[in-house]
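Each remark here refers to the structure printed beneath this line.
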Amino acid sequence: MMKNYSNSPRRKSLTPNHTRDRNNKKGSLLSVVLFRTSLRGYGFCMTALLLFCLGSLFYQLNGGPPKILLDIRQYLGQSTFLDDHGPQPPRVLPFPSQVVYNRVGKCGSRTVVLLLRILAERHQFTLVSSDIHNKTRLTKHEQVDLMRNISSIPQPFLFTRHVHFLNFTRFRIEQPVYINIIRDPINRFLSNYFFRRFGDWRGEQNHLIRTPGMKDEERYLDINVCILENYPECSNPRLFYIIPYFCGQHPQCREPGEWALERAKRNVLENYLLVGVLEELEDVLLLLERLLPHFFTDVLSIYKSPEYKKMGNMTGTVRKHTPTLEALQVLYQRMKYEYDFYAFIRDEFHLLKRKIGLRSVSRPPHRPKFLLNSPPKTQEPLDEEEEEEDEEEDTHSWLVQP
């Protein structure tokens, strides 16, 4: 038998006040839930505000909004930050931020390029090293194209190539800062002569790749015979090699004479921040570090590091030997203008060292007395042939001894 609780005394004893209390309890429970919900919403709002403040701070510190915000805005709508606010403030660049190293063949260029590859990664500048070795003379159209390509490289940049001096201002293009390195002309010639024939320590066969058409008679030609019997490779204008790199693209720059020499000197004074001498390479690196710190900071410590020495030792020319004293004297007579220019560069380099107060860390190499006392005479130029230019590296001291 089931009990009927609806008619029980307890049920009948409930009054309207009791009902009101029970409803109040339900309302209180709902208020607690709503309060907790409002706290959660408040925390969300505060978090959003904090993120907005941090984003605004990031905007102020960097001169613009984060890239992700620009990407989102462009994705959601067609307008961009530039539409509403104009261009962003330009990036602060080091000065100079455009450097050209029109490296001279067989004058330490491969050593410097190896260093530049390490420095570019460390200091975050753009390095463009051209692999074109045998086209130093350009037509006017080729000059303009190359200069425009150079000027379009992201700054700061350092561009390097075997090419004769380019006059940017002539074509109303902003002139970059030039740097370069040369070496004793006879030593440069000897390095190039044997490198073309026998290569360097990177591989015994790499010279065959550079000069595949060279016959054995030419490859194994004794250098004394080449000089004393006036072979084209050992005579002018082929010996007139360094000056055109600084004279420029004018046809007269390739003719041995005073005009090309004086124009090369003027270009050095007006357009080159530094032209060093390979025989004092460590001093050259120190000056580059002082004058172009954004590019060359720590270059000397890298150059002296054991890791770099392992790479640098592979660039020395093999089978190089010294010609006879008679052949050396003939070479010196034929290279009158080259030695005049070399002496000018060496004097300017030493003057710059004194101005900066640099204590030399390089030892000047021993030089044969005949190079200082012999009155040079230049023979008449022969018909000019297309020169073969090869980059190299041999940073050792003067190898020609009397």
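Note on naming: chains are A, B, ... as they come in the structure tokens, residues start from 1 per chain, ligands start from 1 in the order shown.
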
*For Asp216 (chain A), please output as a VMD selection string all residues within 10 Å (counting only C-alpha atoms; exclusion window: fewer than 4 positions along the same chain).*
chain A and resid 197 220 to 221

*Would you please extract all strand (DSSP E or B) residues from region 116-152 of chain A, as assigned by DSSP on the backbone, and give them as an MDAnalysis selection string?*
chainID A and resid 126:129

So that I have them on file, write out the residues from the current selection with all heavy atoms, as a tab-separated table (two decimals), in the first residue's frame.
```
chain	number	residue	atom	x	y	z
A	126	THR	N	75.44	41.80	-47.48
A	126	THR	CA	75.28	41.07	-48.74
A	126	THR	C	76.61	41.02	-49.47
A	126	THR	O	77.18	42.06	-49.79
A	126	THR	CB	74.23	41.74	-49.63
A	126	THR	OG1	73.00	41.88	-48.90
A	126	THR	CG2	73.97	40.90	-50.88
A	127	LEU	N	77.09	39.81	-49.74
A	127	LEU	CA	78.32	39.62	-50.51
A	127	LEU	C	77.95	39.02	-51.86
A	127	LEU	O	77.32	37.98	-51.93
A	127	LEU	CB	79.29	38.70	-49.77
A	127	LEU	CG	80.53	38.28	-50.56
A	127	LEU	CD1	81.42	39.49	-50.85
A	127	LEU	CD2	81.32	37.21	-49.81
A	128	VAL	N	78.35	39.71	-52.93
A	128	VAL	CA	78.17	39.20	-54.28
A	128	VAL	C	79.54	39.08	-54.91
A	128	VAL	O	80.21	40.09	-55.18
A	128	VAL	CB	77.26	40.12	-55.13
A	128	VAL	CG1	77.14	39.57	-56.55
A	128	VAL	CG2	75.90	40.26	-54.49
A	129	SER	N	79.99	37.85	-55.14
A	129	SER	CA	81.30	37.59	-55.72
A	129	SER	C	81.11	36.97	-57.10
A	129	SER	O	80.62	35.85	-57.22
A	129	SER	CB	82.11	36.65	-54.82
A	129	SER	OG	83.38	36.38	-55.38
```

*asked:* Under the rule that only C-alpha atoms are counted, which of A:Gln333, A:Thr136, A:Ser97, A:Asn187 is the nearest residue to Ile153 (chain A)?
replied: A:Ser97

*Pick out the closest residue to Tyr241 (chain A) from this set: A:Leu285, A:Leu119, A:Leu269, A:Leu261. Count only C-alpha atoms.*
A:Leu261
